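Reproduced below: work_17.tsv, with TSV, C-alpha atoms.
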chain	number	residue	atom	x	y	z
A	1	MET	CA	-41.43	7.33	-0.59
A	2	ALA	CA	-41.58	6.68	-4.35
A	3	THR	CA	-43.96	3.98	-5.48
A	4	LYS	CA	-42.93	1.24	-7.90
A	5	LYS	CA	-44.96	2.95	-10.63
A	6	ASN	CA	-43.24	6.28	-9.97
A	7	MET	CA	-39.80	4.63	-10.04
A	8	VAL	CA	-40.55	3.09	-13.44
A	9	LYS	CA	-41.50	6.56	-14.70
A	10	ILE	CA	-38.37	8.11	-13.17
A	11	ASN	CA	-36.08	5.46	-14.67
A	12	LYS	CA	-37.75	5.95	-18.06
A	13	GLU	CA	-37.12	9.70	-17.94
A	14	VAL	CA	-33.40	9.15	-17.33
A	15	GLN	CA	-33.28	6.49	-20.05
A	16	GLU	CA	-34.83	8.95	-22.50
A	17	ALA	CA	-32.26	11.58	-21.53
A	18	VAL	CA	-29.50	9.09	-22.41
A	19	SER	CA	-31.10	8.43	-25.81
A	20	ARG	CA	-31.01	12.17	-26.62
A	21	LEU	CA	-27.29	12.67	-25.93
A	22	ASN	CA	-25.36	14.31	-28.76
A	23	VAL	CA	-22.44	11.87	-28.79
A	24	ASP	CA	-21.25	9.15	-31.18
A	25	MET	CA	-21.75	6.19	-28.83
A	26	THR	CA	-23.64	5.40	-25.64
A	27	GLY	CA	-23.83	2.22	-23.61
A	28	ILE	CA	-25.32	1.22	-20.28
A	29	ALA	CA	-24.20	-1.37	-17.74
A	30	ARG	CA	-26.30	-2.34	-14.73
A	31	ILE	CA	-24.06	-2.71	-11.69
A	32	ASN	CA	-25.93	-5.70	-10.24
A	33	ASP	CA	-25.15	-7.62	-13.44
A	34	HIS	CA	-21.44	-7.28	-12.60
A	35	LYS	CA	-21.61	-7.92	-8.86
A	36	GLY	CA	-18.27	-8.96	-7.37
A	37	THR	CA	-16.17	-7.56	-10.23
A	38	LYS	CA	-13.59	-4.81	-9.81
A	39	LEU	CA	-15.75	-2.52	-11.94
A	40	ALA	CA	-18.76	-2.91	-9.65
A	41	LYS	CA	-16.64	-2.45	-6.52
A	42	ASP	CA	-14.99	0.68	-7.92
A	43	ALA	CA	-18.36	2.12	-8.98
A	44	LEU	CA	-19.87	1.53	-5.54
A	45	ASN	CA	-16.82	3.03	-3.84
A	46	LEU	CA	-17.53	6.25	-5.72
A	47	LEU	CA	-21.35	6.20	-5.41
A	48	PRO	CA	-22.52	3.50	-2.97
A	49	SER	CA	-26.15	3.74	-4.14
A	50	ALA	CA	-25.34	3.57	-7.87
A	51	LYS	CA	-27.44	1.20	-9.95
A	52	SER	CA	-26.22	1.92	-13.51
A	53	ILE	CA	-23.16	3.16	-15.38
A	54	VAL	CA	-23.74	5.19	-18.53
A	55	VAL	CA	-20.70	5.33	-20.83
A	56	MET	CA	-20.40	7.82	-23.68
A	57	GLY	CA	-17.90	7.92	-26.53
A	58	MET	CA	-16.77	10.20	-29.34
A	59	GLU	CA	-14.76	9.28	-32.43
A	60	ILE	CA	-11.22	10.57	-32.70
A	61	TRP	CA	-10.90	11.76	-36.30
A	62	PRO	CA	-8.15	9.95	-38.23
A	63	GLU	CA	-7.10	13.24	-39.88
A	64	PHE	CA	-5.76	14.38	-36.50
A	65	LEU	CA	-4.45	11.00	-35.40
A	66	ASP	CA	-2.36	10.68	-38.59
A	67	LEU	CA	-0.48	13.86	-37.65
A	68	THR	CA	0.80	12.42	-34.39
A	69	SER	CA	4.34	11.19	-33.89
A	70	PRO	CA	6.23	9.97	-30.81
A	71	GLU	CA	9.38	11.71	-32.06
A	72	ARG	CA	10.28	15.30	-31.18
A	73	ILE	CA	12.62	17.72	-32.93
A	74	ALA	CA	13.84	20.60	-30.77
A	75	GLY	CA	12.19	23.85	-31.85
A	76	ALA	CA	9.94	22.27	-34.47
A	77	ALA	CA	6.16	22.58	-34.35
A	78	ASN	CA	4.67	19.67	-32.41
A	79	LEU	CA	1.70	18.43	-34.43
A	80	ASN	CA	0.69	16.31	-31.45
A	81	ASP	CA	-0.73	19.57	-30.10
A	82	LEU	CA	-3.39	19.57	-32.84
A	83	TYR	CA	-4.41	16.05	-31.85
A	84	ARG	CA	-4.61	17.01	-28.16
A	85	ARG	CA	-6.77	20.05	-28.94
A	86	HIS	CA	-9.06	17.87	-31.04
A	87	CYS	CA	-9.43	15.43	-28.14
A	88	ASP	CA	-10.05	18.31	-25.75
A	89	SER	CA	-12.84	19.54	-28.03
A	90	LEU	CA	-14.43	16.08	-28.09
A	91	GLY	CA	-13.88	15.85	-24.36
A	92	GLY	CA	-15.88	19.01	-23.75
A	93	ARG	CA	-18.90	17.42	-25.39
A	94	LEU	CA	-18.38	14.17	-23.49
A	95	THR	CA	-18.15	15.94	-20.15
A	96	GLY	CA	-21.29	17.88	-21.01
A	97	ALA	CA	-23.07	14.62	-21.86
A	98	ALA	CA	-22.07	13.07	-18.53
A	99	TYR	CA	-23.54	16.08	-16.75
A	100	GLU	CA	-26.74	15.85	-18.82
A	101	VAL	CA	-27.29	12.32	-17.53
A	102	ALA	CA	-26.51	13.49	-14.01
A	103	ARG	CA	-28.91	16.44	-14.29
A	104	ALA	CA	-31.71	14.19	-15.56
A	105	SER	CA	-31.08	11.86	-12.62
A	106	ARG	CA	-30.99	14.65	-10.05
A	107	LYS	CA	-34.11	16.27	-11.53
A	108	ALA	CA	-35.85	12.93	-10.91
A	109	GLY	CA	-34.65	12.93	-7.29
A	110	LEU	CA	-31.82	10.43	-7.83
A	111	LYS	CA	-28.15	10.76	-7.00
A	112	ALA	CA	-25.61	10.77	-9.80
A	113	LEU	CA	-21.88	11.22	-10.26
A	114	PRO	CA	-20.71	12.53	-13.66
A	115	LEU	CA	-17.19	11.44	-14.61
A	116	GLY	CA	-15.92	13.67	-17.37
A	117	TYR	CA	-13.33	13.40	-20.14
A	118	GLY	CA	-9.75	12.93	-19.03
A	119	GLY	CA	-10.51	10.04	-16.73
A	120	PRO	CA	-10.92	9.82	-12.98
A	121	SER	CA	-8.21	10.15	-10.34
A	122	VAL	CA	-5.29	7.76	-10.67
A	123	ASP	CA	-3.34	6.00	-7.90
A	124	GLY	CA	0.19	7.00	-8.86
A	125	ARG	CA	1.72	4.05	-6.99
A	126	PHE	CA	0.20	1.55	-9.40
A	127	LEU	CA	-1.08	3.82	-12.22
A	128	GLU	CA	-4.55	2.46	-11.50
A	129	PRO	CA	-7.63	4.67	-12.05
A	130	VAL	CA	-10.27	4.71	-9.32
A	131	ILE	CA	-12.61	3.36	-12.01
A	132	SER	CA	-11.74	2.18	-15.52
A	133	TYR	CA	-13.69	3.83	-18.34
A	134	LYS	CA	-12.50	1.05	-20.67
A	135	GLN	CA	-13.84	-1.69	-18.41
A	136	ALA	CA	-17.09	0.23	-18.01
A	137	ALA	CA	-17.38	0.63	-21.79
A	138	GLU	CA	-16.76	-3.09	-22.28
A	139	ALA	CA	-19.48	-3.90	-19.71
A	140	ALA	CA	-21.80	-1.42	-21.46
A	141	GLY	CA	-21.44	-3.15	-24.83
A	142	LEU	CA	-19.40	-0.49	-26.61
A	143	GLY	CA	-16.43	-2.72	-27.46
A	144	ARG	CA	-13.75	-5.06	-26.21
A	145	ILE	CA	-10.32	-4.29	-24.76
A	146	GLY	CA	-7.61	-5.45	-27.16
A	147	MET	CA	-3.93	-6.32	-27.20
A	148	SER	CA	-3.00	-2.63	-27.14
A	149	SER	CA	-4.89	-2.25	-23.81
A	150	LEU	CA	-7.21	0.15	-25.66
A	151	LEU	CA	-10.95	-0.26	-26.05
A	152	LEU	CA	-11.68	-1.49	-29.58
A	153	THR	CA	-15.04	-0.76	-31.17
A	154	HIS	CA	-16.55	-2.19	-34.34
A	155	ARG	CA	-17.29	1.26	-35.75
A	156	PHE	CA	-14.21	3.29	-34.81
A	157	GLY	CA	-11.61	0.74	-33.75
A	158	PRO	CA	-9.52	2.23	-30.91
A	159	ARG	CA	-10.18	5.82	-32.04
A	160	VAL	CA	-12.52	6.77	-29.18
A	161	VAL	CA	-12.47	8.97	-26.10
A	162	LEU	CA	-14.86	8.28	-23.24
A	163	SER	CA	-16.76	9.73	-20.32
A	164	ALA	CA	-19.16	8.09	-17.87
A	165	CYS	CA	-21.87	8.77	-15.32
A	166	LEU	CA	-22.93	6.73	-12.31
A	167	THR	CA	-26.60	7.03	-11.46
A	168	GLU	CA	-29.17	5.59	-9.06
A	169	ALA	CA	-31.53	5.13	-12.03
A	170	VAL	CA	-32.15	1.50	-12.96
A	171	LEU	CA	-31.56	1.65	-16.71
A	172	GLU	CA	-31.91	-0.95	-19.45
A	173	PRO	CA	-28.43	-2.42	-19.99
A	174	ASP	CA	-26.86	-2.94	-23.38
A	175	LYS	CA	-25.74	-6.38	-24.49
A	176	ILE	CA	-22.06	-7.16	-23.95
A	177	ILE	CA	-20.08	-7.90	-27.11
A	178	GLU	CA	-19.01	-11.51	-26.73
A	179	GLU	CA	-16.88	-11.95	-29.84
A	180	ARG	CA	-13.26	-10.84	-29.98
A	181	ILE	CA	-12.60	-7.61	-31.89
A	182	CYS	CA	-8.80	-7.52	-31.59
A	183	ARG	CA	-7.04	-9.54	-34.31
A	184	TYR	CA	-3.95	-10.11	-32.12
A	185	CYS	CA	-1.91	-9.14	-35.17
A	186	ASN	CA	1.00	-7.85	-33.02
A	187	VAL	CA	1.19	-4.55	-34.93
A	188	CYS	CA	0.74	-2.44	-31.78
A	189	VAL	CA	3.34	-4.56	-29.93
A	190	GLY	CA	5.93	-4.21	-32.69
A	191	LYS	CA	5.35	-0.48	-33.21
A	192	CYS	CA	5.29	0.59	-29.53
A	193	PRO	CA	8.29	2.96	-29.19
A	194	ALA	CA	8.37	2.42	-25.42
A	195	HIS	CA	8.42	-1.40	-25.79
A	196	ALA	CA	5.66	-1.36	-23.19
A	197	LEU	CA	3.41	-3.94	-24.87
A	198	GLY	CA	3.92	-7.69	-25.01
A	199	ARG	CA	2.15	-10.89	-25.93
A	200	PRO	CA	-0.52	-11.48	-23.27
A	201	ALA	CA	-0.73	-14.68	-21.26
A	202	PRO	CA	-3.56	-17.12	-22.07
A	203	GLY	CA	-6.84	-15.75	-20.77
A	204	GLU	CA	-5.51	-12.17	-20.57
A	205	ALA	CA	-6.50	-9.43	-23.02
A	206	TYR	CA	-3.17	-7.59	-23.00
A	207	LEU	CA	0.25	-7.22	-21.39
A	208	LEU	CA	1.26	-3.63	-20.64
A	209	ASN	CA	4.12	-2.10	-18.67
A	210	LYS	CA	2.23	0.99	-17.51
A	211	PHE	CA	5.31	2.66	-16.06
A	212	ALA	CA	7.32	2.29	-19.28
A	213	CYS	CA	4.38	3.68	-21.25
A	214	ARG	CA	3.86	6.65	-18.93
A	215	THR	CA	7.58	7.48	-18.78
A	216	TYR	CA	7.85	7.50	-22.58
A	217	VAL	CA	4.68	9.56	-23.08
A	218	ASP	CA	5.86	12.17	-20.58
A	219	ALA	CA	9.33	12.38	-22.16
A	220	ALA	CA	8.04	12.51	-25.76
A	221	GLY	CA	5.23	14.96	-25.07
A	222	GLY	CA	2.64	12.45	-26.17
A	223	CYS	CA	2.36	9.15	-28.01
A	224	SER	CA	-0.60	7.54	-29.83
A	225	GLU	CA	1.23	4.91	-31.89
A	226	CYS	CA	-0.78	1.93	-30.64
A	227	MET	CA	-3.97	3.71	-31.66
A	228	ARG	CA	-2.60	5.09	-34.93
A	229	VAL	CA	-1.28	1.78	-36.29
A	230	CYS	CA	-4.22	-0.43	-35.27
A	231	PRO	CA	-5.93	-1.85	-38.38
A	232	ILE	CA	-9.35	-2.25	-36.73
A	233	ALA	CA	-11.86	0.08	-38.51
A	234	SER	CA	-8.92	2.18	-39.75
A	235	PRO	CA	-9.31	4.24	-42.94
A	236	ARG	CA	-5.59	3.67	-43.57
A	237	TYR	CA	-6.14	-0.09	-43.92
A	238	ASN	CA	-9.73	-0.21	-45.12
A	239	LYS	CA	-9.95	2.10	-48.14
If you convert what's in this file into structure tokens, what do you get?
Amino acid sequence: MATKKNMVKINKEVQEAVSRLNVDMTGIARINDHKGTKLAKDALNLLPSAKSIVVMGMEIWPEFLDLTSPERIAGAANLNDLYRRHCDSLGGRLTGAAYEVARASRKAGLKALPLGYGGPSVDGRFLEPVISYKQAAEAAGLGRIGMSSLLLTHRFGPRVVLSACLTEAVLEPDKIIEERICRYCNVCVGKCPAHALGRPAPGEAYLLNKFACRTYVDAAGGCSECMRVCPIASPRYNK
């Protein structure tokens, strides 16, 4: 049985592995700090002995995002493909980072569950993921969920892709961002081609018709308008 001194050493080794990750953003949430929330319940459903959630993010480059369009012309080149390949490239690094945290945990004798790029399994009846990367990132101090339903960060706005790792290591949590990042400017609502976004009710971060959004994205072969038009940390608005 590990002694308290050994556990401190083990936790420190995993914490150091997180600090060495080659990604743009990392954040840590301690599950006990969020006891009773949906995030904590979902995390413990996946790994009942989990103590911490490590969330990793990479910036989506605006050069690729600016090429995207929700409109399709039959036979024409779909520039959305370039954006998707860019995200897949970032996603490879994010998945690798999640496994690095898991390997450091397992090397220390702790269980871990890496959750790679692309998100976890989704309940198709409600379009609900088994765990929300955005909620985990918010709890880990990486940003705040905005009116678009996207995670907004101070540094990159909504232009981020995420991965995560659940671990038994007790890691030092990052401070939650308390202030609002979203300007509630309504740009994402007005520009949504699926009309899936609306003005949220008081106390709610966003209002999203997930089924309208998914149906449109599937029919159009992709849509990133809410991300593309957001003014938060956008080079298009902040030159």
### Message
Can you measure CA of Pro48 (chain A) to CA of Asp24 (chain A) for me? One decimal in Å is fine.
### Response
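Taking CA of Pro48 (chain A) and CA of Asp24 (chain A), their separation equals 28.8 Å.
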### Neighbour list for Thr37 (chain A) as a PyMOL selection string, cut-off 12 Å, all atoms listed in the file, skip fewer than 3 positions in-chain
chain A and resi 31-34+40-44+131-132+135-136+139
For a cutoff of 8 Å around the file-coordinate point (-18.7, 14.4, -23.3), which residues qualify once you count all atoms listed in the file? I'd like the result as a PDB file with C-alpha atoms, in the coordinates of the input.
ATOM      1  CA  VAL A  23     -22.440  11.870 -28.790  1.00  0.00           C
ATOM      2  CA  MET A  56     -20.400   7.820 -23.680  1.00  0.00           C
ATOM      3  CA  GLY A  57     -17.900   7.920 -26.530  1.00  0.00           C
ATOM      4  CA  MET A  58     -16.770  10.200 -29.340  1.00  0.00           C
ATOM      5  CA  LEU A  90     -14.430  16.080 -28.090  1.00  0.00           C
ATOM      6  CA  GLY A  91     -13.880  15.850 -24.360  1.00  0.00           C
ATOM      7  CA  GLY A  92     -15.880  19.010 -23.750  1.00  0.00           C
ATOM      8  CA  ARG A  93     -18.900  17.420 -25.390  1.00  0.00           C
ATOM      9  CA  LEU A  94     -18.380  14.170 -23.490  1.00  0.00           C
ATOM     10  CA  THR A  95     -18.150  15.940 -20.150  1.00  0.00           C
ATOM     11  CA  GLY A  96     -21.290  17.880 -21.010  1.00  0.00           C
ATOM     12  CA  ALA A  97     -23.070  14.620 -21.860  1.00  0.00           C
ATOM     13  CA  ALA A  98     -22.070  13.070 -18.530  1.00  0.00           C
ATOM     14  CA  GLY A 116     -15.920  13.670 -17.370  1.00  0.00           C
ATOM     15  CA  TYR A 117     -13.330  13.400 -20.140  1.00  0.00           C
ATOM     16  CA  LEU A 162     -14.860   8.280 -23.240  1.00  0.00           C
ATOM     17  CA  SER A 163     -16.760   9.730 -20.320  1.00  0.00           C
TER      18      SER A 163
END
Considering all atoms listed in the file, tabulate each residue of region 101-131 of chain A that lies at most 12 Å from region 202-219 of chain A along with its nearest interatomic pair and the corresponding distance in Å to one decimal; arrange the rows by chain and ascending residue number and present them as a tab-separated table.
residue	atom	partner	partner_atom	distance
A:Gly124	CA	A:Phe211	CA	9.8
A:Arg125	CA	A:Phe211	CA	9.9
A:Phe126	CA	A:Lys210	CA	8.4
A:Leu127	CA	A:Lys210	CA	6.9
A:Glu128	CA	A:Lys210	CA	9.2
A:Pro129	CA	A:Lys210	CA	11.9
I'd like the neighbourhood of region 60-76 of chain A as an mmCIF file with C-alpha atoms, keeping the file's coordinate frame, where a residue qualifies if any of its atoms comes within 8 Å (using all atoms listed in the file), though same-chain residues fewer than 6 positions away should be ignored.
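Contents of result.cif, freshly written:
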data_model
loop_
_atom_site.group_PDB
_atom_site.id
_atom_site.type_symbol
_atom_site.label_atom_id
_atom_site.label_comp_id
_atom_site.auth_asym_id
_atom_site.auth_seq_id
_atom_site.Cartn_x
_atom_site.Cartn_y
_atom_site.Cartn_z
ATOM 1 C CA LEU A 82 -3.390 19.570 -32.840
ATOM 2 C CA TYR A 83 -4.410 16.050 -31.850
ATOM 3 C CA HIS A 86 -9.060 17.870 -31.040
ATOM 4 C CA CYS A 87 -9.430 15.430 -28.140
ATOM 5 C CA LEU A 90 -14.430 16.080 -28.090
ATOM 6 C CA ARG A 159 -10.180 5.820 -32.040
ATOM 7 C CA VAL A 160 -12.520 6.770 -29.180
ATOM 8 C CA VAL A 161 -12.470 8.970 -26.100
ATOM 9 C CA PRO A 193 8.290 2.960 -29.190
ATOM 10 C CA VAL A 217 4.680 9.560 -23.080
ATOM 11 C CA ALA A 220 8.040 12.510 -25.760
ATOM 12 C CA GLY A 221 5.230 14.960 -25.070
ATOM 13 C CA GLY A 222 2.640 12.450 -26.170
ATOM 14 C CA CYS A 223 2.360 9.150 -28.010
ATOM 15 C CA SER A 224 -0.600 7.540 -29.830
ATOM 16 C CA GLU A 225 1.230 4.910 -31.890
ATOM 17 C CA ARG A 228 -2.600 5.090 -34.930
ATOM 18 C CA SER A 234 -8.920 2.180 -39.750
ATOM 19 C CA PRO A 235 -9.310 4.240 -42.940
#
### Message
Using only C-alpha atoms for the distances, tell me which of A:Asn6, A:Ser149, A:Asn78, A:Thr167 is nearest to Val18 (chain A).
### Response
A:Thr167
### Task
Grab the CA of Ala137 (chain A) to CA of Ile53 (chain A) distance for me, in Å with one decimal place.
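Distance between the two atoms: 9.0 Å.
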Skip Arg144 (chain A) itself and residues of its chain fewer than 3 positions away, then list as a PDB file with C-alpha atoms, in the frame of the given file all residues within 10 Å of it, counting all atoms listed in the file.
ATOM      1  CA  LYS A 134     -12.500   1.050 -20.670  1.00  0.00           C
ATOM      2  CA  GLN A 135     -13.840  -1.690 -18.410  1.00  0.00           C
ATOM      3  CA  ALA A 137     -17.380   0.630 -21.790  1.00  0.00           C
ATOM      4  CA  GLU A 138     -16.760  -3.090 -22.280  1.00  0.00           C
ATOM      5  CA  ALA A 139     -19.480  -3.900 -19.710  1.00  0.00           C
ATOM      6  CA  GLY A 141     -21.440  -3.150 -24.830  1.00  0.00           C
ATOM      7  CA  MET A 147      -3.930  -6.320 -27.200  1.00  0.00           C
ATOM      8  CA  SER A 149      -4.890  -2.250 -23.810  1.00  0.00           C
ATOM      9  CA  LEU A 150      -7.210   0.150 -25.660  1.00  0.00           C
ATOM     10  CA  LEU A 151     -10.950  -0.260 -26.050  1.00  0.00           C
ATOM     11  CA  LEU A 152     -11.680  -1.490 -29.580  1.00  0.00           C
ATOM     12  CA  THR A 153     -15.040  -0.760 -31.170  1.00  0.00           C
ATOM     13  CA  HIS A 154     -16.550  -2.190 -34.340  1.00  0.00           C
ATOM     14  CA  GLY A 157     -11.610   0.740 -33.750  1.00  0.00           C
ATOM     15  CA  PRO A 158      -9.520   2.230 -30.910  1.00  0.00           C
ATOM     16  CA  ILE A 176     -22.060  -7.160 -23.950  1.00  0.00           C
ATOM     17  CA  ILE A 177     -20.080  -7.900 -27.110  1.00  0.00           C
ATOM     18  CA  GLU A 178     -19.010 -11.510 -26.730  1.00  0.00           C
ATOM     19  CA  GLU A 179     -16.880 -11.950 -29.840  1.00  0.00           C
ATOM     20  CA  ARG A 180     -13.260 -10.840 -29.980  1.00  0.00           C
ATOM     21  CA  ILE A 181     -12.600  -7.610 -31.890  1.00  0.00           C
ATOM     22  CA  CYS A 182      -8.800  -7.520 -31.590  1.00  0.00           C
ATOM     23  CA  ALA A 205      -6.500  -9.430 -23.020  1.00  0.00           C
TER      24      ALA A 205
END
